[in-house]
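**Student:** mmCIF, C-alpha atoms, file input-v3.cif:
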```
data_work
loop_
_atom_site.label_atom_id
_atom_site.label_comp_id
_atom_site.auth_asym_id
_atom_site.auth_seq_id
_atom_site.Cartn_x
_atom_site.Cartn_y
_atom_site.Cartn_z
CA MET A 11 67.51 22.57 5.41
CA ILE A 12 67.63 26.28 6.19
CA THR A 13 65.25 27.47 8.86
CA LEU A 14 64.69 31.07 9.79
CA LYS A 15 63.17 31.97 13.11
CA LYS A 16 61.03 35.07 13.42
CA GLN A 17 63.39 36.71 15.92
CA ASN A 18 66.38 36.15 13.63
CA LEU A 19 64.50 37.52 10.65
CA THR A 20 63.68 40.61 12.70
CA ALA A 21 67.33 40.96 13.67
CA ILE A 22 68.49 40.64 10.03
CA ILE A 23 65.97 43.24 8.86
CA GLY A 24 67.06 45.47 11.72
CA MET A 25 70.68 45.19 10.72
CA PHE A 26 69.89 46.04 7.10
CA ILE A 27 67.93 49.09 8.20
CA PHE A 28 70.88 50.09 10.34
CA VAL A 29 73.21 49.75 7.35
CA THR A 30 71.17 52.27 5.44
CA ILE A 31 71.67 54.72 8.30
CA LEU A 32 75.31 54.04 9.10
CA ASN A 33 77.39 52.20 6.55
CA ALA A 34 80.49 49.85 7.20
CA GLY A 35 83.90 49.57 5.69
CA GLY A 36 87.25 48.87 6.10
CA ILE A 37 89.34 47.42 8.76
CA SER A 38 87.82 44.21 10.08
CA VAL A 39 86.26 43.25 6.74
CA ASP A 40 87.78 43.35 3.25
CA ALA A 41 85.01 45.52 1.91
CA GLY A 42 85.39 48.48 -0.39
CA LEU A 43 86.05 49.10 -4.03
CA THR A 44 87.93 46.81 -6.42
CA PRO A 45 91.57 47.88 -6.92
CA ALA A 46 93.25 48.75 -10.23
CA GLU A 47 94.10 46.07 -12.76
CA ASN A 48 97.39 44.27 -11.98
CA ARG A 49 97.56 45.74 -8.50
CA TRP A 50 98.76 43.55 -5.63
CA ILE A 51 97.66 44.18 -2.06
CA VAL A 52 99.54 42.56 0.82
CA ARG A 53 97.92 42.79 4.21
CA TYR A 54 98.82 41.58 7.69
CA GLN A 55 96.62 41.82 10.76
CA ALA A 56 97.24 40.84 14.37
CA ARG A 57 93.99 40.19 16.20
CA GLN A 58 93.28 39.45 19.83
CA MET A 59 89.91 38.40 21.16
CA GLU A 60 88.64 37.27 24.53
CA ARG A 61 85.60 35.37 25.71
CA THR A 62 84.53 34.93 29.30
CA GLY A 63 82.07 32.60 30.94
CA ALA A 64 80.67 31.43 34.23
CA MET A 65 82.99 30.62 37.15
CA ASP A 66 85.77 32.82 35.80
CA ALA A 67 86.22 30.72 32.68
CA SER A 68 88.10 32.61 29.98
CA MET A 69 89.55 32.08 26.53
CA THR A 70 92.05 34.37 24.79
CA THR A 71 92.79 33.91 21.10
CA THR A 72 95.48 35.77 19.19
CA MET A 73 95.65 35.50 15.44
CA ASP A 74 98.16 36.47 12.76
CA VAL A 75 96.27 36.86 9.49
CA PHE A 76 97.91 37.32 6.09
CA ASN A 77 95.99 38.47 2.99
CA LEU A 78 97.13 38.63 -0.58
CA ALA A 79 94.84 40.23 -3.16
CA TYR A 80 95.32 40.81 -6.88
CA GLY A 81 93.32 42.89 -9.33
CA ILE A 82 93.16 40.45 -12.20
CA ARG A 83 90.89 42.87 -14.11
CA PRO A 84 89.56 46.31 -13.13
CA HIS A 85 86.28 44.64 -12.21
CA LEU A 86 87.62 41.39 -10.71
CA THR A 87 89.78 40.90 -7.62
CA LEU A 88 91.01 37.58 -6.26
CA MET A 89 92.17 37.14 -2.67
CA VAL A 90 93.64 34.45 -0.47
CA MET A 91 93.71 34.68 3.32
CA GLN A 92 95.61 32.46 5.74
CA GLY A 93 95.84 32.82 9.50
CA TRP A 94 97.64 31.25 12.41
CA ALA A 95 96.13 31.23 15.89
CA ASN A 96 97.05 30.72 19.50
CA ARG A 97 94.37 29.99 22.07
CA LYS A 98 94.73 29.96 25.84
CA SER A 99 91.82 28.68 27.91
CA ASP A 100 91.16 28.69 31.63
CA MET A 101 88.25 26.46 32.60
CA MET A 102 87.87 26.35 36.38
CA GLY A 103 91.63 26.36 36.83
CA GLN A 104 92.31 23.94 33.98
CA ILE A 105 94.74 25.81 31.75
CA SER A 106 95.20 24.70 28.16
CA GLU A 107 96.95 26.24 25.16
CA PHE A 108 96.82 25.42 21.44
CA THR A 109 98.66 26.90 18.50
CA GLY A 110 97.95 26.10 14.87
CA ARG A 111 96.95 27.06 11.36
CA ASN A 112 93.45 28.34 10.52
CA ASP A 113 91.41 27.31 7.52
CA MET A 114 92.35 28.97 4.24
CA MET A 115 89.91 31.38 2.65
CA LEU A 116 89.66 32.25 -1.05
CA MET A 117 87.61 35.21 -2.19
CA ALA A 118 86.55 36.72 -5.50
CA LYS A 119 85.11 40.23 -5.70
CA TYR A 120 83.29 41.29 -8.87
CA ARG A 121 82.47 44.92 -9.55
CA LEU A 122 78.82 45.29 -10.51
CA LEU A 123 78.73 49.07 -10.58
CA ARG A 124 81.20 51.91 -10.26
CA VAL A 125 80.13 55.48 -10.88
CA ASN A 126 82.71 58.22 -10.30
CA THR A 127 81.72 61.88 -10.42
CA ARG A 128 83.52 65.05 -9.36
CA LYS A 129 82.25 64.78 -5.76
CA THR A 130 80.90 61.29 -5.31
CA THR A 131 81.69 57.67 -6.03
CA LEU A 132 79.33 54.74 -5.80
CA GLY A 133 80.59 51.18 -5.98
CA ILE A 134 78.67 47.92 -5.72
CA ALA A 135 80.45 44.58 -5.78
CA ALA A 136 79.41 40.96 -5.41
CA THR A 137 81.67 38.61 -3.51
CA ILE A 138 82.01 34.93 -2.96
CA LYS A 139 84.19 33.38 -0.29
CA LEU A 140 85.24 29.77 -0.03
CA LEU A 141 86.50 28.46 3.29
CA ILE A 142 88.69 25.39 2.80
CA PRO A 143 89.25 23.11 5.82
CA THR A 144 93.04 23.13 5.65
CA GLY A 145 93.52 24.25 9.27
CA GLU A 146 94.83 22.31 12.22
CA ASP A 147 92.81 21.10 15.18
CA PRO A 148 91.22 22.93 17.05
CA PHE A 149 91.30 25.83 14.54
CA THR A 150 89.66 24.07 11.61
CA SER A 151 85.95 23.78 10.97
CA ASP A 152 86.52 20.39 9.26
CA TYR A 153 84.09 21.28 6.49
CA TRP A 154 83.82 23.48 3.40
CA SER A 155 81.81 26.68 3.56
CA VAL A 156 80.74 29.18 0.94
CA SER A 157 79.69 32.77 1.58
CA PRO A 158 78.06 34.86 -1.12
CA GLY A 159 77.93 38.54 -0.24
CA ILE A 160 77.53 42.07 -1.50
CA PHE A 161 79.44 45.30 -0.87
CA LEU A 162 78.09 48.81 -1.16
CA SER A 163 80.67 51.62 -1.17
CA PRO A 164 79.51 55.21 -1.49
CA ARG A 165 82.06 58.04 -1.20
CA TRP A 166 81.29 61.74 -0.81
CA ASN A 167 84.22 64.14 -0.86
CA LYS A 168 86.49 62.90 1.92
CA TRP A 169 83.80 60.76 3.57
CA ALA A 170 83.88 57.02 2.94
CA LEU A 171 81.02 54.67 3.67
CA ASP A 172 81.17 50.93 3.15
CA ALA A 173 78.53 48.34 3.88
CA SER A 174 78.83 44.64 3.34
CA THR A 175 76.72 41.64 4.09
CA GLU A 176 77.26 37.95 3.56
CA PHE A 177 75.45 34.70 4.09
CA ARG A 178 77.57 31.68 4.98
CA LEU A 179 76.44 28.18 4.17
CA ASN A 180 78.41 25.63 6.17
CA ASP A 181 79.33 22.03 5.41
CA LEU A 182 78.70 22.23 1.67
CA PHE A 183 79.28 18.59 0.82
CA ASN A 184 77.25 17.01 3.58
CA ASN A 185 74.19 15.38 2.00
CA ARG A 186 73.39 13.00 4.81
CA ASP A 187 70.44 13.54 7.10
CA ASP A 188 71.74 11.29 9.86
CA VAL A 189 74.76 13.42 10.75
CA LEU A 190 75.11 16.85 12.33
CA GLN A 191 73.65 19.64 10.17
CA ARG A 192 75.74 22.78 10.50
CA GLY A 193 73.91 26.04 11.02
CA TRP A 194 74.22 28.92 8.58
CA GLU A 195 75.65 32.29 9.49
CA THR A 196 74.88 35.79 8.33
CA SER A 197 76.71 39.00 9.04
CA VAL A 198 76.48 42.70 8.27
CA ASN A 199 79.40 45.08 8.53
CA CYS A 200 79.09 48.80 8.19
CA ALA A 201 81.63 51.58 8.61
CA ILE A 202 82.11 55.26 8.15
CA ALA A 203 85.44 57.01 7.75
CA ARG A 204 86.64 60.55 7.09
CA GLN A 205 89.98 61.17 5.40
CA ILE A 206 91.97 64.04 6.90
CA VAL A 207 94.99 65.21 4.89
CA LEU A 208 98.05 65.74 7.06
CA GLY A 209 99.82 68.98 6.24
CA ASN A 210 100.16 70.04 2.62
CA ASN A 211 100.99 66.56 1.42
CA SER A 212 98.12 64.73 -0.24
CA ALA A 213 100.07 61.48 0.07
CA PHE A 214 99.66 61.52 3.85
CA ALA A 215 96.22 61.09 5.44
CA ILE A 216 94.66 59.91 8.64
CA ALA A 217 91.11 58.57 8.86
CA PRO A 218 89.04 57.97 11.99
CA VAL A 219 86.81 54.95 11.38
CA LEU A 220 83.65 53.77 13.11
CA GLU A 221 82.49 50.25 12.31
CA MET A 222 79.43 48.32 13.33
CA THR A 223 79.35 44.56 12.85
CA GLY A 224 76.47 42.23 13.51
CA SER A 225 76.30 38.48 13.06
CA ILE A 226 73.83 35.72 13.61
CA THR A 227 74.83 32.08 13.78
CA GLN A 228 72.14 29.43 13.58
CA PRO A 229 72.51 26.36 15.80
CA ASP A 230 73.96 23.13 14.52
CA ALA A 231 71.30 20.47 14.56
CA SER A 232 70.85 16.73 14.56
CA ALA A 233 67.93 14.88 16.07
CA THR A 234 68.09 17.41 18.90
CA GLU A 235 69.21 21.00 18.70
CA PHE A 236 72.61 21.98 20.11
CA ALA A 237 71.62 25.26 21.72
CA ASP A 238 75.17 26.36 22.58
CA SER A 239 76.15 26.73 18.90
CA ARG A 240 73.66 29.56 18.30
CA GLU A 241 74.73 33.12 18.89
CA SER A 242 74.01 36.70 17.87
CA VAL A 243 76.32 39.60 18.51
CA ILE A 244 76.76 43.25 17.53
CA PHE A 245 80.12 45.02 17.87
CA LEU A 246 80.71 48.78 17.81
CA SER A 247 84.28 49.50 16.74
CA PRO A 248 86.17 52.77 16.71
CA GLY A 249 89.44 52.71 14.79
CA MET A 250 92.00 54.67 12.86
CA LYS A 251 93.76 54.38 9.51
CA LEU A 252 97.02 56.13 8.70
CA THR A 253 97.85 56.19 5.00
CA TYR A 254 101.13 57.23 3.44
CA GLN A 255 101.15 56.69 -0.32
CA SER A 256 100.66 52.92 -0.72
CA LEU A 257 101.16 52.00 2.93
CA ILE A 258 98.26 51.84 5.39
CA LEU A 259 98.48 51.27 9.12
CA GLU A 260 95.20 50.40 10.84
CA VAL A 261 94.00 49.95 14.41
CA LEU A 262 90.53 48.86 15.55
CA TRP A 263 88.96 48.16 18.92
CA GLN A 264 85.76 46.09 18.80
CA HIS A 265 83.40 46.37 21.73
CA PRO A 266 80.40 44.02 22.05
CA LEU A 267 77.38 46.31 22.15
CA TRP A 268 74.82 43.55 22.43
CA GLN A 269 75.00 39.77 22.42
CA ASP A 270 72.68 36.83 22.78
CA ILE A 271 74.78 33.84 23.77
CA PRO A 272 72.68 30.95 25.03
CA GLY A 273 73.44 28.26 27.57
CA SER A 274 76.89 27.82 29.01
CA ALA A 275 78.75 29.30 26.03
CA MET A 276 81.20 32.11 26.76
CA GLU A 277 80.32 35.73 26.05
CA TYR A 278 82.41 38.01 23.87
CA SER A 279 84.65 40.60 25.46
CA SER A 280 86.43 43.34 23.54
CA LYS A 281 88.61 42.53 20.53
CA GLY A 282 91.71 44.36 19.34
CA LEU A 283 93.11 44.53 15.85
CA VAL A 284 96.24 46.15 14.41
CA GLY A 285 97.21 45.80 10.77
CA ILE A 286 99.44 46.94 7.99
CA ARG A 287 98.59 46.99 4.29
CA TYR A 288 100.82 47.64 1.32
CA MET A 289 99.55 48.16 -2.21
CA LEU A 290 102.04 47.51 -4.99
CA MET B 25 106.86 31.88 11.68
CA ARG B 26 104.41 33.47 14.10
CA LEU B 27 104.12 37.11 14.85
CA ASN B 28 102.61 38.33 18.06
CA PHE B 29 101.46 41.72 19.25
CA GLN B 30 104.89 42.65 20.62
CA ASN B 31 106.57 41.93 17.29
CA PHE B 32 103.82 43.76 15.50
CA ARG B 33 104.26 46.85 17.66
CA LEU B 34 107.91 46.87 16.53
CA MET B 35 106.79 46.55 12.90
CA ILE B 36 104.39 49.47 13.31
CA LEU B 37 107.13 51.61 14.85
CA LEU B 38 109.57 50.78 12.04
CA ALA B 39 106.93 51.45 9.40
CA VAL B 40 106.04 54.82 10.92
CA LEU B 41 109.72 55.72 11.08
CA ALA B 42 110.17 54.70 7.45
CA MET B 43 107.16 56.79 6.47
CA GLY B 44 108.53 59.76 8.36
CA CYS B 45 112.03 59.41 6.88
CA SER B 46 110.73 59.22 3.32
CA HIS B 47 108.33 62.12 3.81
CA ASN B 48 108.47 64.38 0.75
CA THR B 49 106.09 66.28 -1.49
CA PRO B 50 105.13 63.75 -4.15
CA SER B 51 102.62 66.07 -5.79
CA ALA B 52 105.41 68.44 -6.90
CA ILE B 53 106.49 68.02 -10.52
CA PRO B 54 110.14 66.86 -10.74
CA GLU B 55 112.59 69.25 -12.45
CA GLU B 56 113.59 66.62 -15.02
CA TRP B 57 110.00 66.53 -16.30
CA LYS B 58 110.10 70.26 -16.96
CA ALA B 59 113.40 69.96 -18.84
CA SER B 60 112.17 67.70 -21.63
CA GLY B 61 109.06 66.04 -22.96
CA GLU B 62 105.47 67.16 -22.52
CA ILE B 63 103.59 67.59 -19.28
CA ARG B 64 99.87 66.94 -19.40
CA ILE B 65 97.36 67.27 -16.57
CA TYR B 66 94.03 65.39 -16.54
CA GLU B 67 91.11 65.48 -14.15
CA VAL B 68 90.45 62.10 -12.53
CA PHE B 69 87.35 61.20 -10.53
CA GLY B 70 87.02 58.35 -8.04
CA MET B 71 90.22 58.58 -6.02
CA ASP B 72 89.36 58.60 -2.32
CA CYS B 73 92.67 58.30 -0.44
CA PRO B 74 96.45 58.45 -0.99
CA GLY B 75 96.46 54.69 -1.55
CA CYS B 76 94.78 55.27 -4.93
CA HIS B 77 97.81 57.11 -6.33
CA GLY B 78 99.95 54.02 -6.95
CA GLY B 79 97.32 52.08 -8.89
CA LEU B 80 96.72 54.97 -11.28
CA GLU B 81 100.39 55.84 -11.69
CA ASN B 82 101.25 52.20 -12.46
CA GLN B 83 98.62 52.07 -15.22
CA LEU B 84 99.90 55.26 -16.83
CA THR B 85 103.62 54.51 -16.65
CA ALA B 86 102.92 51.12 -18.26
CA LEU B 87 102.02 52.98 -21.46
CA ASP B 88 104.67 53.38 -24.17
CA GLY B 89 105.60 57.02 -24.30
CA VAL B 90 104.76 57.82 -20.68
CA ASP B 91 107.88 58.38 -18.60
CA GLY B 92 106.19 59.33 -15.37
CA ALA B 93 102.88 60.03 -13.65
CA LYS B 94 101.92 61.71 -10.39
CA ALA B 95 98.40 61.47 -9.05
CA ASP B 96 96.78 63.71 -6.45
CA TRP B 97 93.52 62.52 -4.92
CA VAL B 98 92.81 65.87 -3.22
CA GLN B 99 93.23 67.88 -6.43
CA LYS B 100 91.44 65.09 -8.34
CA GLN B 101 94.03 65.13 -11.09
CA VAL B 102 97.03 63.31 -12.50
CA THR B 103 100.12 64.84 -14.08
CA VAL B 104 101.55 62.77 -16.92
CA TRP B 105 105.07 63.14 -18.33
CA VAL B 106 105.03 62.16 -22.01
CA SER B 107 108.30 61.47 -23.86
CA GLN B 108 109.46 64.15 -26.27
CA GLY B 109 108.01 63.60 -29.73
CA ASN B 110 105.63 60.88 -28.61
CA LEU B 111 102.17 61.07 -30.09
CA ILE B 112 100.29 59.16 -27.43
CA GLY B 113 96.67 60.24 -27.54
CA ASP B 114 94.33 61.34 -24.78
CA GLU B 115 92.23 58.23 -25.49
CA ASP B 116 95.12 56.00 -24.41
CA ILE B 117 95.51 58.01 -21.21
CA HIS B 118 91.76 57.79 -20.60
CA GLU B 119 91.78 54.00 -21.06
CA ALA B 120 94.63 53.66 -18.55
CA ILE B 121 92.68 55.78 -16.04
CA LYS B 122 89.67 53.48 -16.51
CA ARG B 123 91.84 50.38 -15.92
CA ALA B 124 92.61 51.89 -12.52
CA ASN B 125 88.84 52.00 -11.87
CA PHE B 126 88.68 55.79 -12.11
CA THR B 127 86.89 58.12 -14.51
CA PRO B 128 88.79 60.64 -16.66
CA GLY B 129 87.54 64.22 -16.74
CA ASP B 130 88.78 67.17 -18.75
CA ARG B 131 92.36 67.62 -19.88
CA ILE B 132 93.50 70.69 -17.92
CA LYS B 133 96.88 71.16 -19.65
#
```
Turn the structure described in the file into structure tokens.
**Tutor:**
Amino acid sequence: MITLKKQNLTAIIGMFIFVTILNAGGISVDAGLTPAENRWIVRYQARQMERTGAMDASMTTTMDVFNLAYGIRPHLTLMVMQGWANRKSDMMGQISEFTGRNDMMLMAKYRLLRVNTRKTTLGIAATIKLLIPTGEDPFTSDYWSVSPGIFLSPRWNKWALDASTEFRLNDLFNNRDDVLQRGWETSVNCAIARQIVLGNNSAFAIAPVLEMTGSITQPDASATEFADSRESVIFLSPGMKLTYQSLILEVLWQHPLWQDIPGSAMEYSSKGLVGIRYML
Amino acid sequence: MRLNFQNFRLMILLAVLAMGCSHNTPSAIPEEWKASGEIRIYEVFGMDCPGCHGGLENQLTALDGVDGAKADWVQKQVTVWVSQGNLIGDEDIHEAIKRANFTPGDRIK
């Protein structure tokens, strides 16, 4: 049963209003326009994130994430994503470290609208993501999740704006009332970028990027609510993309602008992301 | 195999070096195109970065009768090298541009 508290509804509406002011796209989320038919996109990202808590508790997670996308039709793109993670935790001097495979994610992106004119482009795409619990403990969720979403991608001359939002329903195949009910999650990502051509060569460009990401996670629930599984966070993320022909290098630094982390759960610190993308 | 940030820094460095070493002027029309065949230039709308070039060029060179294609997202155009004597029509070129998710404009040349 999905419940929506007034404060969360306000936050969601707020994020959508924000998206209309400053749109999202590009580095931390696979937003944007659908690629050409028969085009392969190979992408690798290294991510590092830290969380800190009371009494100097800390947790550092590094992830290697591989993406493979294929334009099966001009209006339909399929993608598979697989990551591996390493997590080091320090809880009051107790050091622990885990390494393992993350859950696999499949995604389909369907172009609903694409209008190209001499100066502007507008793209709208629907997406659906399926998270399959193929990961290893403690990096698996142990349940299937599905996330419908929508992308909005306006372009104006060398400016690029992308906004995306998705709603994640967790534990799809759990029909029992007597076990833990997983909370849903919703997120909004918005980014703005400006392509700058380097020299006289149109095949070489650099693009400063500013992303804003917000997410709300509802608490898991059984007979009593597990308060520590609820969280809301907004990241502001400056980054850079360097494109040479079909090769893109990307760097992003995500800073938590605001967060509401209840109870004894750890707060988010900054995240770092470097990536490389090749389009065949 | 796991990659960490140190390995990735090395990858980035190698990639940047490779990009620098292969730096050329891809928008220039090769001499061999001028020697034979027909060169056509079409307006193309919807390209927003250099990464768009490859998708469009692949669609065009997949056509029978097209020996080469060079896109330019800044100029908003693509130069197509058509084999000598080939009667490929503008409609076929336009369809290939659409398969790359772009919109064909006027034929400039």
**Student:** So which residues touch Arg121 of chain A within 12 Å, counting only C-alpha atoms, skipping near sequence neighbours fewer than 4 positions away, as JSON, numbers by chain?
**Tutor:** {"A": [41, 42, 43, 44, 45, 46, 81, 82, 83, 84, 85, 86, 87, 88, 125, 132, 133, 134, 135, 136, 137, 138, 160, 161, 162, 163], "B": [125]}
**Student:** For chain A against chain B, with a cut-off of 9 Å and counting all atoms listed in the file, what is the closest atom pair and its distance in Å to one decimal for every residue that makes the cut, ordered by chain and number, as a tab-separated table?
**Tutor:**
```
residue	atom	partner	partner_atom	distance
A:Leu43	CA	B:Asn125	CA	8.8
A:Thr44	CA	B:Asn125	CA	7.6
A:Pro45	CA	B:Ala124	CA	7.0
A:Ala46	CA	B:Ala124	CA	3.9
A:Glu47	CA	B:Arg123	CA	5.8
A:Asn48	CA	B:Gly79	CA	8.4
A:Arg49	CA	B:Gly79	CA	6.4
A:Gln55	CA	B:Phe32	CA	8.8
A:Ala56	CA	B:Phe29	CA	6.5
A:Arg57	CA	B:Phe29	CA	8.2
A:Gln58	CA	B:Phe29	CA	8.5
A:Thr72	CA	B:Asn28	CA	7.7
A:Met73	CA	B:Asn28	CA	8.0
A:Asp74	CA	B:Leu27	CA	6.3
A:Arg83	CA	B:Arg123	CA	7.8
A:Pro84	CA	B:Arg123	CA	5.4
A:His85	CA	B:Asn125	CA	7.8
A:Trp94	CA	B:Arg26	CA	7.3
A:Ala95	CA	B:Arg26	CA	8.8
A:Arg124	CA	B:Asn125	CA	7.8
A:Val125	CA	B:Gly70	CA	8.0
A:Asn126	CA	B:Gly70	CA	4.9
A:Thr127	CA	B:Phe69	CA	5.7
A:Arg128	CA	B:Phe69	CA	5.6
A:Lys129	CA	B:Phe69	CA	7.8
A:Thr130	CA	B:Gly70	CA	7.3
A:Thr131	CA	B:Gly70	CA	5.7
A:Leu132	CA	B:Gly70	CA	8.8
A:Arg165	CA	B:Asp72	CA	7.4
A:Trp166	CA	B:Asp72	CA	8.8
A:Asn167	CA	B:Asp72	CA	7.7
A:Lys168	CA	B:Asp72	CA	6.7
A:Trp169	CA	B:Asp72	CA	8.4
A:Ala170	CA	B:Asp72	CA	7.8
A:Gln205	CA	B:Cys73	CA	7.0
A:Val207	CA	B:Val98	CA	8.4
A:Asn210	CA	B:Thr49	CA	8.1
A:Asn211	CA	B:Thr49	CA	5.9
A:Ser212	CA	B:Val98	CA	6.2
A:Ala213	CA	B:Pro74	CA	4.8
A:Phe214	CA	B:Pro74	CA	6.6
A:Ala215	CA	B:Pro74	CA	7.0
A:Thr253	CA	B:Pro74	CA	6.6
A:Tyr254	CA	B:Pro74	CA	6.6
A:Gln255	CA	B:Pro74	CA	5.1
A:Ser256	CA	B:Gly75	CA	4.6
A:Leu257	CA	B:Gly75	CA	7.0
A:Ile258	CA	B:Gly75	CA	7.7
A:Leu259	CA	B:Ile36	CA	7.5
A:Val284	CA	B:Phe32	CA	8.0
A:Gly285	CA	B:Phe32	CA	8.4
A:Ile286	CA	B:Ile36	CA	7.7
A:Tyr288	CA	B:Gly75	CA	8.8
A:Met289	CA	B:Gly75	CA	7.3
A:Leu290	CA	B:Gly78	CA	7.1
```
**Student:** Nearest to Asp88 of chain B among B:Asp116, B:Glu55, B:Thr103, B:Glu62, with distances taken over only C-alpha atoms: which residue is it?
**Tutor:**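 Nearest to Asp88 of chain B: B:Asp116.
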**Student:** Could you work out how far atom CA of Ile105 of chain A lies from atom CA of Gly63 of chain A, giving the answer in Å with one decimal?
**Tutor:**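 That distance, rounded to one decimal, is 14.4 Å.
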**Student:** Take the point (106.7, 59.2, -20.1) in the file's coordinates, draw a sphere of radius 7 Å around it, and report as an mmCIF file with C-alpha atoms, in the frame of the given file every protein, DNA or RNA residue with an atom inside or on it, counting all atoms listed in the file.
**Tutor:**
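Full text of selection20.cif as output:
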```
data_model
loop_
_atom_site.group_PDB
_atom_site.id
_atom_site.type_symbol
_atom_site.label_atom_id
_atom_site.label_comp_id
_atom_site.auth_asym_id
_atom_site.auth_seq_id
_atom_site.Cartn_x
_atom_site.Cartn_y
_atom_site.Cartn_z
ATOM 1 C CA THR B 85 103.620 54.510 -16.650
ATOM 2 C CA GLY B 89 105.600 57.020 -24.300
ATOM 3 C CA VAL B 90 104.760 57.820 -20.680
ATOM 4 C CA ASP B 91 107.880 58.380 -18.600
ATOM 5 C CA GLY B 92 106.190 59.330 -15.370
ATOM 6 C CA TRP B 105 105.070 63.140 -18.330
ATOM 7 C CA VAL B 106 105.030 62.160 -22.010
ATOM 8 C CA SER B 107 108.300 61.470 -23.860
#
```
**Student:** Which one of A:Met114, A:Leu262, A:Ala203, A:Ile51 sits closest to Phe149 of chain A if you count all atoms listed in the file?
**Tutor:** A:Met114
**Student:** In Å to one decimal, how far is atom CA of Arg64 of chain B from atom CA of Ile132 of chain B?
**Tutor:** 7.5 Å
**Student:** Given all atoms listed in the file as the basis, pick out the residue of A:Phe177, A:Ser247, A:Glu277, A:Leu283 nearest to Ser68 of chain A.
**Tutor:**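 Smallest separation from Ser68 of chain A among the options: A:Glu277.
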**Student:** Rebuild segment 87-101 of chain B so that it carries N, CA and C atoms, then output the result as a short mmCIF file (atom, residue, chain, number, x, y, z; two decimals), in the frame of the given file.
**Tutor:**
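Okay, this is what ended up in part-v4.cif:
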```
data_model
loop_
_atom_site.label_atom_id
_atom_site.label_comp_id
_atom_site.auth_asym_id
_atom_site.auth_seq_id
_atom_site.Cartn_x
_atom_site.Cartn_y
_atom_site.Cartn_z
N LEU B 87 102.24 52.61 -20.05
CA LEU B 87 102.02 52.98 -21.46
C LEU B 87 103.34 53.36 -22.14
N ASP B 88 103.51 52.93 -23.39
CA ASP B 88 104.67 53.38 -24.17
C ASP B 88 104.55 54.87 -24.39
N GLY B 89 105.62 55.58 -24.08
CA GLY B 89 105.60 57.02 -24.30
C GLY B 89 105.33 57.81 -23.04
N VAL B 90 104.96 57.13 -21.96
CA VAL B 90 104.76 57.82 -20.68
C VAL B 90 105.96 57.53 -19.77
N ASP B 91 106.68 58.56 -19.42
CA ASP B 91 107.88 58.38 -18.60
C ASP B 91 107.61 58.55 -17.11
N GLY B 92 106.49 59.14 -16.78
CA GLY B 92 106.19 59.33 -15.37
C GLY B 92 104.77 59.80 -15.18
N ALA B 93 104.24 59.56 -13.97
CA ALA B 93 102.88 60.03 -13.65
C ALA B 93 102.80 60.31 -12.16
N LYS B 94 102.11 61.38 -11.81
CA LYS B 94 101.92 61.71 -10.39
C LYS B 94 100.45 62.06 -10.17
N ALA B 95 99.82 61.26 -9.33
CA ALA B 95 98.40 61.47 -9.05
C ALA B 95 98.23 62.27 -7.77
N ASP B 96 97.10 62.95 -7.66
CA ASP B 96 96.78 63.71 -6.45
C ASP B 96 95.28 63.58 -6.20
N TRP B 97 94.94 62.81 -5.17
CA TRP B 97 93.52 62.52 -4.92
C TRP B 97 92.77 63.74 -4.39
N VAL B 98 93.48 64.67 -3.74
CA VAL B 98 92.81 65.87 -3.22
C VAL B 98 92.47 66.82 -4.36
N GLN B 99 93.45 67.01 -5.27
CA GLN B 99 93.23 67.88 -6.43
C GLN B 99 92.36 67.21 -7.49
N LYS B 100 92.19 65.91 -7.38
CA LYS B 100 91.44 65.09 -8.34
C LYS B 100 92.07 65.21 -9.74
N GLN B 101 93.36 65.03 -9.80
CA GLN B 101 94.03 65.13 -11.09
C GLN B 101 95.30 64.29 -11.12
#
```
